[in-house]
$ cat target.txt   # compact mmCIF, C-alpha atoms
# COMPACT_ATOMS: atom_id res chain seq x y z
CA MET K 1 -56.54 87.27 -115.13
CA ALA K 2 -55.66 84.38 -112.80
CA TYR K 3 -53.16 81.88 -114.14
CA VAL K 4 -53.55 78.10 -113.80
CA ARG K 5 -51.54 75.54 -111.85
CA LYS K 6 -51.77 72.13 -113.49
CA ASP K 7 -51.35 68.51 -112.42
CA ALA K 8 -47.79 67.44 -113.23
CA GLY K 9 -49.19 64.27 -114.78
CA THR K 10 -51.05 66.29 -117.41
CA LEU K 11 -48.24 68.62 -118.51
CA THR K 12 -47.25 68.61 -122.16
CA ALA K 13 -43.64 68.05 -123.18
CA THR K 14 -43.33 71.78 -123.86
CA GLU K 15 -44.79 72.75 -120.48
CA LYS K 16 -42.38 70.44 -118.68
CA ARG K 17 -39.40 71.75 -120.62
CA ARG K 18 -40.29 75.40 -119.92
CA PHE K 19 -40.82 74.75 -116.22
CA VAL K 20 -37.49 72.94 -115.91
CA MET K 21 -35.60 75.61 -117.86
CA ALA K 22 -37.09 78.40 -115.74
CA LEU K 23 -36.18 76.57 -112.52
CA LEU K 24 -32.62 75.99 -113.71
CA GLU K 25 -32.30 79.67 -114.59
CA VAL K 26 -33.52 80.77 -111.14
CA LYS K 27 -30.90 78.43 -109.71
CA ARG K 28 -28.19 79.80 -112.02
CA ARG K 29 -28.99 83.37 -110.94
CA GLY K 30 -28.44 82.46 -107.29
CA GLU K 31 -32.06 83.18 -106.36
CA TYR K 32 -32.99 79.58 -105.68
CA ASP K 33 -30.53 79.14 -102.84
CA GLU K 34 -32.15 82.09 -101.08
CA PHE K 35 -35.34 80.05 -100.89
CA VAL K 36 -33.39 77.23 -99.28
CA ARG K 37 -31.92 79.67 -96.75
CA MET K 38 -35.35 81.08 -95.92
CA HIS K 39 -36.85 77.66 -95.29
CA LEU K 40 -33.90 76.76 -93.07
CA ALA K 41 -34.34 80.00 -91.13
CA TYR K 42 -38.03 79.42 -90.46
CA TYR K 43 -37.88 75.69 -89.75
CA SER K 44 -38.68 75.67 -86.05
CA SER K 45 -40.50 73.17 -83.84
CA ASP K 46 -42.77 73.15 -80.80
CA GLY K 47 -39.83 72.85 -78.45
CA GLU K 48 -38.07 75.96 -79.65
CA ARG K 49 -38.67 79.36 -78.13
CA GLY K 50 -40.20 82.29 -79.92
CA LEU K 51 -42.59 82.65 -82.83
CA ARG K 52 -43.33 79.59 -84.99
CA THR K 53 -44.53 80.38 -88.49
CA ALA K 54 -43.65 77.73 -91.08
CA HIS K 55 -44.24 74.43 -89.25
CA MET K 56 -46.14 72.96 -86.31
CA ALA K 57 -48.36 76.03 -86.25
CA PRO K 58 -51.58 77.38 -87.79
CA SER K 59 -49.58 79.47 -90.24
CA PHE K 60 -48.11 76.35 -91.88
CA LEU K 61 -50.51 76.78 -94.80
CA PRO K 62 -50.41 80.55 -95.43
CA TRP K 63 -46.63 80.64 -94.87
CA HIS K 64 -46.04 78.03 -97.55
CA ARG K 65 -48.67 79.59 -99.82
CA ARG K 66 -46.70 82.83 -99.83
CA PHE K 67 -43.41 80.91 -100.16
CA LEU K 68 -44.72 79.17 -103.28
CA LEU K 69 -45.96 82.46 -104.71
CA ASP K 70 -42.49 83.97 -104.33
CA LEU K 71 -40.85 81.10 -106.18
CA GLU K 72 -43.54 81.19 -108.84
CA THR K 73 -42.94 84.93 -109.29
CA ALA K 74 -39.23 84.25 -109.79
CA LEU K 75 -40.04 81.57 -112.38
CA ARG K 76 -42.44 83.84 -114.22
CA ARG K 77 -39.81 86.58 -114.42
CA VAL K 78 -37.83 84.09 -116.49
CA ASP K 79 -40.80 82.78 -118.50
CA SER K 80 -44.26 84.31 -118.05
CA ALA K 81 -45.90 81.13 -119.35
CA VAL K 82 -44.62 79.04 -116.44
CA THR K 83 -46.67 78.16 -113.35
CA LEU K 84 -46.04 75.69 -110.55
CA PRO K 85 -47.38 72.22 -111.30
CA TYR K 86 -48.62 70.01 -108.48
CA TRP K 87 -47.95 66.34 -107.74
CA ASP K 88 -51.10 64.40 -106.87
CA TRP K 89 -49.54 61.78 -104.61
CA THR K 90 -52.88 60.07 -104.06
CA ARG K 91 -52.86 59.08 -107.74
CA ASP K 92 -49.24 59.05 -108.96
CA ARG K 93 -47.89 56.67 -106.34
CA THR K 94 -44.86 54.91 -107.77
CA ALA K 95 -41.20 55.80 -108.27
CA THR K 96 -41.66 55.66 -112.05
CA SER K 97 -44.87 57.67 -112.42
CA ALA K 98 -45.22 61.44 -112.70
CA PRO K 99 -43.33 63.51 -111.67
CA TRP K 100 -40.31 61.13 -111.53
CA THR K 101 -39.58 61.18 -115.24
CA ALA K 102 -36.40 62.15 -117.05
CA ASP K 103 -38.08 65.19 -118.58
CA LEU K 104 -39.37 66.59 -115.28
CA LEU K 105 -37.86 65.84 -111.85
CA GLY K 106 -35.71 62.85 -112.72
CA GLY K 107 -35.89 59.61 -110.81
CA ASP K 108 -34.82 57.84 -107.65
CA GLY K 109 -31.38 58.03 -106.08
CA ARG K 110 -28.95 55.18 -106.65
CA PRO K 111 -28.73 52.58 -103.85
CA SER K 112 -25.12 53.27 -102.87
CA ASP K 113 -25.43 56.94 -101.86
CA GLN K 114 -28.97 58.02 -102.89
CA GLN K 115 -27.54 60.33 -105.55
CA VAL K 116 -30.03 61.26 -108.27
CA THR K 117 -28.37 60.41 -111.59
CA THR K 118 -31.23 60.97 -114.05
CA GLY K 119 -33.11 64.03 -115.22
CA PRO K 120 -32.24 67.73 -115.32
CA PHE K 121 -31.38 68.00 -111.61
CA ALA K 122 -28.80 65.22 -111.58
CA TYR K 123 -25.41 66.38 -110.28
CA ARG K 124 -23.57 65.14 -113.35
CA GLN K 125 -25.59 67.50 -115.55
CA GLY K 126 -23.75 70.35 -113.83
CA ASP K 127 -26.78 72.60 -113.33
CA TRP K 128 -27.95 71.59 -109.86
CA THR K 129 -25.27 71.65 -107.18
CA ILE K 130 -26.44 71.72 -103.56
CA ALA K 131 -24.80 74.84 -102.12
CA VAL K 132 -26.94 75.43 -99.03
CA GLY K 133 -27.86 72.55 -96.74
CA VAL K 134 -27.38 70.65 -93.52
CA THR K 135 -24.70 68.33 -94.94
CA ASP K 136 -21.65 68.81 -97.15
CA GLY K 137 -23.04 66.77 -100.04
CA GLY K 138 -23.17 68.64 -103.34
CA PHE K 139 -25.61 66.34 -105.13
CA LEU K 140 -29.37 65.87 -104.90
CA THR K 141 -30.46 62.73 -103.04
CA ARG K 142 -33.67 60.68 -102.95
CA ASP K 143 -34.83 57.34 -101.60
CA LEU K 144 -38.29 57.01 -103.11
CA GLY K 145 -40.43 54.73 -100.96
CA ARG K 146 -37.52 53.94 -98.58
CA ARG K 147 -35.80 50.78 -99.82
CA ARG K 148 -34.73 49.45 -96.41
CA ASP K 149 -37.95 50.22 -94.56
CA PRO K 150 -40.66 50.77 -97.18
CA ILE K 151 -43.60 53.09 -96.60
CA GLU K 152 -46.57 53.98 -98.77
CA LEU K 153 -47.70 57.42 -99.85
CA PRO K 154 -50.86 58.83 -98.22
CA THR K 155 -54.10 57.64 -99.76
CA THR K 156 -57.25 59.48 -100.78
CA SER K 157 -58.86 58.34 -97.52
CA ASP K 158 -55.92 59.75 -95.53
CA LEU K 159 -56.46 63.09 -97.23
CA GLU K 160 -60.23 62.90 -96.71
CA ARG K 161 -59.68 62.54 -92.97
CA ALA K 162 -58.16 66.01 -93.03
CA LEU K 163 -60.53 67.59 -95.54
CA LYS K 164 -63.69 66.61 -93.69
CA ASP K 165 -62.66 68.38 -90.47
CA PRO K 166 -64.70 71.62 -90.45
CA VAL K 167 -62.35 73.50 -88.07
CA TYR K 168 -59.13 75.01 -89.39
CA ASP K 169 -57.06 74.55 -86.22
CA VAL K 170 -57.46 74.26 -82.45
CA ALA K 171 -55.53 75.10 -79.28
CA PRO K 172 -52.75 74.59 -78.35
CA TRP K 173 -52.01 75.34 -82.03
CA ASP K 174 -49.03 72.96 -82.35
CA SER K 175 -48.05 69.44 -83.47
CA THR K 176 -49.93 67.75 -80.62
CA VAL K 177 -53.49 68.67 -81.63
CA THR K 178 -55.63 65.77 -82.79
CA ARG K 179 -58.41 67.89 -84.29
CA GLY K 180 -58.37 70.56 -86.96
CA PHE K 181 -57.69 70.54 -90.68
CA ARG K 182 -54.24 72.13 -90.46
CA ASN K 183 -52.48 69.48 -88.40
CA ARG K 184 -54.35 66.61 -90.01
CA LEU K 185 -52.97 67.85 -93.32
CA GLU K 186 -49.52 68.82 -92.02
CA GLY K 187 -49.38 65.32 -90.60
CA TRP K 188 -48.07 65.27 -87.02
CA SER K 189 -49.43 62.33 -85.07
CA THR K 190 -49.04 60.57 -81.74
CA GLY K 191 -48.57 57.20 -83.45
CA ARG K 192 -45.35 55.20 -83.62
CA GLY K 193 -43.05 54.57 -86.59
CA GLY K 194 -44.65 55.11 -89.97
CA ALA K 195 -48.00 55.85 -88.34
CA SER K 196 -46.56 59.00 -86.83
CA TRP K 197 -46.28 60.68 -90.25
CA ARG K 198 -49.42 61.52 -92.16
CA ASN K 199 -50.25 63.36 -95.36
CA HIS K 200 -47.71 66.19 -95.91
CA ASN K 201 -45.13 64.79 -93.49
CA ARG K 202 -45.42 61.27 -94.86
CA VAL K 203 -44.72 62.46 -98.41
CA HIS K 204 -41.46 64.07 -97.28
CA ARG K 205 -40.52 60.73 -95.68
CA TRP K 206 -41.48 58.78 -98.81
CA VAL K 207 -39.29 60.92 -101.08
CA GLY K 208 -36.42 60.76 -98.61
CA GLY K 209 -32.95 62.11 -99.22
CA ALA K 210 -32.87 65.90 -99.34
CA MET K 211 -36.60 66.06 -98.61
CA LEU K 212 -36.15 64.75 -95.05
CA GLY K 213 -34.87 67.90 -93.37
CA ALA K 214 -35.05 71.65 -93.16
CA ALA K 215 -33.16 71.96 -96.46
CA SER K 216 -35.89 70.02 -98.31
CA VAL K 217 -36.26 72.92 -100.75
CA ASN K 218 -33.06 71.64 -102.42
CA ASP K 219 -35.24 69.03 -104.12
CA PRO K 220 -37.54 70.65 -106.73
CA ALA K 221 -40.08 68.01 -105.67
CA PHE K 222 -40.69 70.25 -102.66
CA TRP K 223 -42.62 72.75 -104.78
CA LEU K 224 -44.81 70.17 -106.54
CA HIS K 225 -45.60 68.54 -103.21
CA HIS K 226 -46.47 71.80 -101.51
CA ALA K 227 -48.54 72.98 -104.47
CA PHE K 228 -50.71 69.89 -103.93
CA VAL K 229 -50.86 70.66 -100.20
CA ASP K 230 -51.94 74.20 -101.07
CA LEU K 231 -54.61 72.77 -103.35
CA GLN K 232 -56.03 70.90 -100.35
CA TRP K 233 -56.45 74.17 -98.44
CA TYR K 234 -58.17 75.55 -101.55
CA ARG K 235 -60.52 72.53 -101.58
CA TRP K 236 -61.13 72.65 -97.82
CA GLN K 237 -62.15 76.31 -98.02
CA ARG K 238 -64.73 75.50 -100.69
CA ARG K 239 -66.09 72.48 -98.86
CA HIS K 240 -66.54 74.36 -95.60
CA GLY K 241 -67.84 77.69 -96.87
CA GLY K 242 -67.22 80.45 -94.37
CA ALA K 243 -64.64 78.50 -92.36
CA ARG K 244 -61.68 80.73 -91.57
CA TYR K 245 -58.08 80.61 -90.48
CA LEU K 246 -57.67 80.22 -86.71
CA PRO K 247 -56.75 81.60 -84.25
CA ALA K 248 -58.71 84.74 -85.05
CA LYS K 249 -57.02 86.59 -82.17
CA PRO K 250 -53.58 86.19 -80.58
CA PRO K 251 -53.35 83.87 -77.55
CA GLY K 252 -53.36 85.93 -74.34
CA PRO K 253 -50.42 86.56 -71.99
CA ASP K 254 -51.40 83.61 -69.77
CA ASP K 255 -51.46 81.21 -72.73
CA GLU K 256 -48.44 78.97 -73.37
CA GLN K 257 -48.66 79.98 -77.02
CA HIS K 258 -48.55 83.73 -76.29
CA ARG K 259 -46.44 85.36 -79.02
CA ARG K 260 -45.67 81.93 -80.46
CA VAL K 261 -48.31 81.68 -83.19
CA VAL K 262 -49.61 84.08 -85.82
CA ALA K 263 -53.26 85.13 -85.52
CA ARG K 264 -55.48 85.86 -88.53
CA HIS K 265 -54.75 89.59 -88.77
CA GLU K 266 -51.12 89.57 -87.63
CA LYS K 267 -48.17 89.95 -89.97
CA LEU K 268 -46.65 86.70 -91.14
CA PRO K 269 -42.84 86.92 -91.04
CA PRO K 270 -40.81 87.52 -93.09
CA TRP K 271 -43.44 89.22 -95.23
CA ASP K 272 -45.69 92.22 -94.75
CA VAL K 273 -48.81 90.10 -95.19
CA THR K 274 -51.37 88.44 -92.89
CA PRO K 275 -52.97 84.97 -93.04
CA ASP K 276 -56.25 86.78 -93.68
CA GLU K 277 -54.82 88.30 -96.86
CA LEU K 278 -53.65 84.90 -98.08
CA GLU K 279 -56.94 83.06 -97.62
CA ASP K 280 -58.28 84.07 -101.05
CA VAL K 281 -55.85 83.82 -103.96
CA GLY K 282 -58.50 83.40 -106.65
CA ARG K 283 -57.44 86.56 -108.43
CA ILE K 284 -53.84 85.30 -108.64
CA TYR K 285 -54.14 81.64 -109.58
CA ARG K 286 -56.48 78.69 -109.73
CA TYR K 287 -56.04 74.93 -110.01
CA ALA K 288 -56.90 72.82 -113.03
$ encode --input "target.txt" --output "structure tokens"
Amino acid sequence: MAYVRKDAGTLTATEKRRFVMALLEVKRRGEYDEFVRMHLAYYSSDGERGLRTAHMAPSFLPWHRRFLLDLETALRRVDSAVTLPYWDWTRDRTATSAPWTADLLGGDGRPSDQQVTTGPFAYRQGDWTIAVGVTDGGFLTRDLGRRRDPIELPTTSDLERALKDPVYDVAPWDSTVTRGFRNRLEGWSTGRGGASWRNHNRVHRWVGGAMLGAASVNDPAFWLHHAFVDLQWYRWQRRHGGARYLPAKPPGPDDEQHRRVVARHEKLPPWDVTPDELEDVGRIYRYA
């Protein structure tokens, strides 16, 4: 039977405690840092050579869907009652709302160094030391809303702009496309400043701190954010019945994206799975 992923704002005190304890145990076992390493390894951009899988590519959504499933599997090995909650950033839009509570993710970083000092992932608790990252800092950092240059979280209308697009993705299958659900949700734009980050990307900017770079997995907020992103793919599929992952076939040898993007039936590194096989997860989980 499929298990259920719930809105973080609806979790009971017991559900929050069990999720946090499972996450801390995965961290204690050393498994969590392997997820950070994997995300770092597959964080590549348009300008880099070779295959792009996790970002700026059609496989952004299936890659992260499988990534979330792997973390969820690790959590459920600790506690079979635990599932990944999602953060609805169109509704919970302040630094004091869900999920930024002391019994879930903890709150904002302090002004001096952005160090998170509240909640179970605060450095002083001793259970969440940053061991793998792009800096030498050992503590979790956040800058919710960006104090010095404030930005707002994406709105329902921002999300609707992505959801209403009936095509999954379009050539050249990168961060420059202005049509297609995938990039409208991933959030690359030709605008300037804050306007250049939409939906998924803008949320990473809003959280700030550890969430700004390739080591964003160091903040447990990463999983709640991406669970909500995954929910949007789930909703898009149901709105546009029959719409499929694109490209259906690999770009040809004369195409600039030849061997640079994953087609529907190609294996999605580092797993032995295809985007096609990840389009329907209804037998694994559903969203409340």
$ residues_near_point --input "target.txt" --point "(-58.8, 90.3, -90.6)" --cutoff "7 Å" --atoms "only C-alpha atoms" --output "ChimeraX atom specification"
/K:264-265,276
$ write_last_selection --input "target.txt" --atoms "C-alpha atoms" --output "JSON list (two decimals), in the frame of the given file"
[["chain", "number", "residue", "atom", "x", "y", "z"],
["K", 264, "ARG", "CA", -55.48, 85.86, -88.53],
["K", 265, "HIS", "CA", -54.75, 89.59, -88.77],
["K", 276, "ASP", "CA", -56.25, 86.78, -93.68]]
$ closest_atom_pairs --input "target.txt" --of "segment 40-99 of chain K" --to "segment 229-244 of chain K" --cutoff "9 Å" --atoms "all atoms listed in the file" --output "CSV"
residue,atom,partner,partner_atom,distance
K:Leu61,CA,K:Asp230,CA,6.9
K:Pro62,CA,K:Asp230,CA,8.6
K:His64,CA,K:Asp230,CA,7.9
K:Arg65,CA,K:Asp230,CA,6.4
K:Tyr86,CA,K:Leu231,CA,8.4
$ write_last_selection --input "target.txt" --atoms "C-alpha atoms" --output "compact mmCIF listing (two decimals), in the frame of the given file"
# COMPACT_ATOMS: atom_id res chain seq x y z
CA LEU K 61 -50.51 76.78 -94.80
CA PRO K 62 -50.41 80.55 -95.43
CA HIS K 64 -46.04 78.03 -97.55
CA ARG K 65 -48.67 79.59 -99.82
CA TYR K 86 -48.62 70.01 -108.48
$ atom_distance --input "target.txt" --atom1 "atom CA of Arg93 of chain K" --atom2 "atom CA of Leu153 of chain K"
6.5 Å
$ residues_around --input "target.txt" --residues "Trp206 of chain K" --least-positions-apart "5" --cutoff "8 Å" --atoms "all atoms listed in the file" --output "PyMOL selection string"
chain K and resi 143-146+151-153
$ write_last_selection --input "target.txt" --atoms "C-alpha atoms" --output "CSV table (one decimal), in the frame of the given file"
chain,number,residue,atom,x,y,z
K,143,ASP,CA,-34.8,57.3,-101.6
K,144,LEU,CA,-38.3,57.0,-103.1
K,145,GLY,CA,-40.4,54.7,-101.0
K,146,ARG,CA,-37.5,53.9,-98.6
K,151,ILE,CA,-43.6,53.1,-96.6
K,152,GLU,CA,-46.6,54.0,-98.8
K,153,LEU,CA,-47.7,57.4,-99.8
$ closest_residue --input "target.txt" --among "K:Ala54, K:Ala122, K:Ala227, K:Ala215" --to "Leu140 of chain K" --atoms "only C-alpha atoms"
K:Ala122
$ residues_around --input "target.txt" --residues "segment 23-29 of chain K" --least-positions-apart "4" --cutoff "12 Å" --atoms "all atoms listed in the file" --output "MDAnalysis selection string"
chainID K and resid 16:19 33:36 70:79 82:84 104:105 120:122 125:132 217:221 223
$ residues_near_point --input "target.txt" --point "(-36.8, 60.1, -105.7)" --cutoff "8 Å" --atoms "only C-alpha atoms" --output "ChimeraX atom specification"
/K:95,100,106-109,116,141-144,207-209
$ atom_distance --input "target.txt" --atom1 "atom CA of Leu68 of chain K" --atom2 "atom CA of Asp158 of chain K"
23.7 Å
$ atom_distance --input "target.txt" --atom1 "atom CA of Asp149 of chain K" --atom2 "atom CA of Asn201 of chain K"
16.3 Å
$ residues_around --input "target.txt" --residues "Pro275 of chain K" --least-positions-apart "4" --cutoff "12 Å" --atoms "only C-alpha atoms" --output "number ranges by chain"
K: 53-54, 58-66, 244-249, 261-269, 271, 279-281
$ residues_around --input "target.txt" --residues "Thr90 of chain K" --least-positions-apart "2" --cutoff "10 Å" --atoms "only C-alpha atoms" --output "PDB file with C-alpha atoms, keeping the file's coordinate frame"
ATOM      1  CA  TRP K  87     -47.950  66.340-107.740  1.00  0.00           C
ATOM      2  CA  ASP K  88     -51.100  64.400-106.870  1.00  0.00           C
ATOM      3  CA  ASP K  92     -49.240  59.050-108.960  1.00  0.00           C
ATOM      4  CA  ARG K  93     -47.890  56.670-106.340  1.00  0.00           C
ATOM      5  CA  LEU K 153     -47.700  57.420 -99.850  1.00  0.00           C
ATOM      6  CA  PRO K 154     -50.860  58.830 -98.220  1.00  0.00           C
ATOM      7  CA  THR K 155     -54.100  57.640 -99.760  1.00  0.00           C
ATOM      8  CA  THR K 156     -57.250  59.480-100.780  1.00  0.00           C
ATOM      9  CA  SER K 157     -58.860  58.340 -97.520  1.00  0.00           C
ATOM     10  CA  ASP K 158     -55.920  59.750 -95.530  1.00  0.00           C
ATOM     11  CA  LEU K 159     -56.460  63.090 -97.230  1.00  0.00           C
ATOM     12  CA  ASN K 199     -50.250  63.360 -95.360  1.00  0.00           C
TER      13      ASN K 199
END
$ closest_residue --input "target.txt" --among "K:Pro85, K:Pro172, K:Gly138, K:Gly119" --to "His258 of chain K" --atoms "all atoms listed in the file"
K:Pro172
$ closest_residue --input "target.txt" --among "K:Pro150, K:Asp103, K:Arg124, K:Asn183" --to "Thr14 of chain K" --atoms "all atoms listed in the file"
K:Asp103
$ axis_aligned_box --input "target.txt" --around "segment 249-255 of chain K" --padding-each-side "3 Å" --output "lines of an AutoDock Vina configuration file"
center_x = -53.7
center_y = 83.9
center_z = -76.0
size_x = 12.6
size_y = 11.4
size_z = 18.4
$ closest_residue --input "target.txt" --among "K:Met56, K:Ala214, K:Ile284, K:Leu185" --to "Ala2 of chain K" --atoms "all atoms listed in the file"
K:Ile284
$ closest_residue --input "target.txt" --among "K:Leu51, K:Ala98, K:Leu40, K:Ala22" --to "Leu224 of chain K" --atoms "all atoms listed in the file"
K:Ala98
$ residues_around --input "target.txt" --residues "Ala288 of chain K" --least-positions-apart "2" --cutoff "9 Å" --atoms "all atoms listed in the file" --output "short mmCIF file (atom, residue, chain, number, x, y, z; two decimals) with C-alpha atoms, in the frame of the given file"
data_model
loop_
_atom_site.label_atom_id
_atom_site.label_comp_id
_atom_site.auth_asym_id
_atom_site.auth_seq_id
_atom_site.Cartn_x
_atom_site.Cartn_y
_atom_site.Cartn_z
CA VAL K 4 -53.55 78.10 -113.80
CA ARG K 5 -51.54 75.54 -111.85
CA LYS K 6 -51.77 72.13 -113.49
CA ASP K 7 -51.35 68.51 -112.42
CA ARG K 286 -56.48 78.69 -109.73
#
$ build_atoms --input "target.txt" --residues "segment 114-123 of chain K" --atoms "all heavy atoms" --output "PDB file, keeping the file's coordinate frame"
ATOM      1  N   GLN K 114     -27.723  57.299-102.660  1.00  0.00           N
ATOM      2  CA  GLN K 114     -28.970  58.020-102.890  1.00  0.00           C
ATOM      3  C   GLN K 114     -28.836  59.173-103.886  1.00  0.00           C
ATOM      4  O   GLN K 114     -29.765  59.970-104.042  1.00  0.00           O
ATOM      5  CB  GLN K 114     -29.574  58.537-101.572  1.00  0.00           C
ATOM      6  CG  GLN K 114     -29.892  57.452-100.567  1.00  0.00           C
ATOM      7  CD  GLN K 114     -30.611  57.974 -99.339  1.00  0.00           C
ATOM      8  OE1 GLN K 114     -30.880  59.166 -99.188  1.00  0.00           O
ATOM      9  NE2 GLN K 114     -30.937  57.076 -98.421  1.00  0.00           N
ATOM     10  N   GLN K 115     -27.726  59.255-104.579  1.00  0.00           N
ATOM     11  CA  GLN K 115     -27.540  60.330-105.550  1.00  0.00           C
ATOM     12  C   GLN K 115     -28.471  60.173-106.742  1.00  0.00           C
ATOM     13  O   GLN K 115     -28.563  59.096-107.341  1.00  0.00           O
ATOM     14  CB  GLN K 115     -26.087  60.369-106.042  1.00  0.00           C
ATOM     15  CG  GLN K 115     -25.846  61.488-107.059  1.00  0.00           C
ATOM     16  CD  GLN K 115     -24.411  61.566-107.559  1.00  0.00           C
ATOM     17  OE1 GLN K 115     -24.113  62.213-108.569  1.00  0.00           O
ATOM     18  NE2 GLN K 115     -23.494  60.902-106.854  1.00  0.00           N
ATOM     19  N   VAL K 116     -29.173  61.250-107.085  1.00  0.00           N
ATOM     20  CA  VAL K 116     -30.030  61.260-108.270  1.00  0.00           C
ATOM     21  C   VAL K 116     -29.140  61.385-109.502  1.00  0.00           C
ATOM     22  O   VAL K 116     -28.338  62.324-109.607  1.00  0.00           O
ATOM     23  CB  VAL K 116     -31.032  62.435-108.202  1.00  0.00           C
ATOM     24  CG1 VAL K 116     -31.826  62.549-109.511  1.00  0.00           C
ATOM     25  CG2 VAL K 116     -31.983  62.246-107.028  1.00  0.00           C
ATOM     26  N   THR K 117     -29.254  60.450-110.422  1.00  0.00           N
ATOM     27  CA  THR K 117     -28.370  60.410-111.590  1.00  0.00           C
ATOM     28  C   THR K 117     -29.117  60.592-112.905  1.00  0.00           C
ATOM     29  O   THR K 117     -28.513  60.543-113.977  1.00  0.00           O
ATOM     30  CB  THR K 117     -27.597  59.084-111.635  1.00  0.00           C
ATOM     31  OG1 THR K 117     -28.533  57.991-111.710  1.00  0.00           O
ATOM     32  CG2 THR K 117     -26.716  58.920-110.403  1.00  0.00           C
ATOM     33  N   THR K 118     -30.441  60.786-112.837  1.00  0.00           N
ATOM     34  CA  THR K 118     -31.230  60.970-114.050  1.00  0.00           C
ATOM     35  C   THR K 118     -31.986  62.293-113.990  1.00  0.00           C
ATOM     36  O   THR K 118     -32.255  62.822-112.918  1.00  0.00           O
ATOM     37  CB  THR K 118     -32.246  59.824-114.230  1.00  0.00           C
ATOM     38  OG1 THR K 118     -33.129  59.803-113.084  1.00  0.00           O
ATOM     39  CG2 THR K 118     -31.548  58.484-114.355  1.00  0.00           C
ATOM     40  N   GLY K 119     -32.321  62.810-115.161  1.00  0.00           N
ATOM     41  CA  GLY K 119     -33.110  64.030-115.220  1.00  0.00           C
ATOM     42  C   GLY K 119     -32.286  65.307-115.123  1.00  0.00           C
ATOM     43  O   GLY K 119     -31.070  65.267-114.918  1.00  0.00           O
ATOM     44  N   PRO K 120     -32.939  66.444-115.240  1.00  0.00           N
ATOM     45  CA  PRO K 120     -32.240  67.730-115.320  1.00  0.00           C
ATOM     46  C   PRO K 120     -31.581  68.196-114.035  1.00  0.00           C
ATOM     47  O   PRO K 120     -30.763  69.113-114.058  1.00  0.00           O
ATOM     48  CB  PRO K 120     -33.341  68.701-115.749  1.00  0.00           C
ATOM     49  CG  PRO K 120     -34.616  68.070-115.277  1.00  0.00           C
ATOM     50  CD  PRO K 120     -34.399  66.594-115.419  1.00  0.00           C
ATOM     51  N   PHE K 121     -31.929  67.561-112.899  1.00  0.00           N
ATOM     52  CA  PHE K 121     -31.380  68.000-111.610  1.00  0.00           C
ATOM     53  C   PHE K 121     -30.301  67.054-111.086  1.00  0.00           C
ATOM     54  O   PHE K 121     -29.861  67.184-109.947  1.00  0.00           O
ATOM     55  CB  PHE K 121     -32.511  68.181-110.599  1.00  0.00           C
ATOM     56  CG  PHE K 121     -33.599  69.078-111.123  1.00  0.00           C
ATOM     57  CD1 PHE K 121     -34.801  68.553-111.570  1.00  0.00           C
ATOM     58  CD2 PHE K 121     -33.397  70.445-111.219  1.00  0.00           C
ATOM     59  CE1 PHE K 121     -35.803  69.370-112.091  1.00  0.00           C
ATOM     60  CE2 PHE K 121     -34.384  71.284-111.729  1.00  0.00           C
ATOM     61  CZ  PHE K 121     -35.589  70.742-112.172  1.00  0.00           C
ATOM     62  N   ALA K 122     -29.889  66.125-111.937  1.00  0.00           N
ATOM     63  CA  ALA K 122     -28.800  65.220-111.580  1.00  0.00           C
ATOM     64  C   ALA K 122     -27.491  66.000-111.498  1.00  0.00           C
ATOM     65  O   ALA K 122     -27.221  66.871-112.329  1.00  0.00           O
ATOM     66  CB  ALA K 122     -28.682  64.100-112.611  1.00  0.00           C
ATOM     67  N   TYR K 123     -26.678  65.671-110.530  1.00  0.00           N
ATOM     68  CA  TYR K 123     -25.410  66.380-110.280  1.00  0.00           C
ATOM     69  C   TYR K 123     -24.511  66.375-111.508  1.00  0.00           C
ATOM     70  O   TYR K 123     -23.875  67.386-111.838  1.00  0.00           O
ATOM     71  CB  TYR K 123     -24.704  65.737-109.088  1.00  0.00           C
ATOM     72  CG  TYR K 123     -23.412  66.393-108.692  1.00  0.00           C
ATOM     73  CD1 TYR K 123     -23.394  67.641-108.076  1.00  0.00           C
ATOM     74  CD2 TYR K 123     -22.195  65.745-108.924  1.00  0.00           C
ATOM     75  CE1 TYR K 123     -22.200  68.230-107.693  1.00  0.00           C
ATOM     76  CE2 TYR K 123     -20.995  66.331-108.547  1.00  0.00           C
ATOM     77  CZ  TYR K 123     -20.999  67.578-107.928  1.00  0.00           C
ATOM     78  OH  TYR K 123     -19.828  68.173-107.552  1.00  0.00           O
TER      79      TYR K 123
END
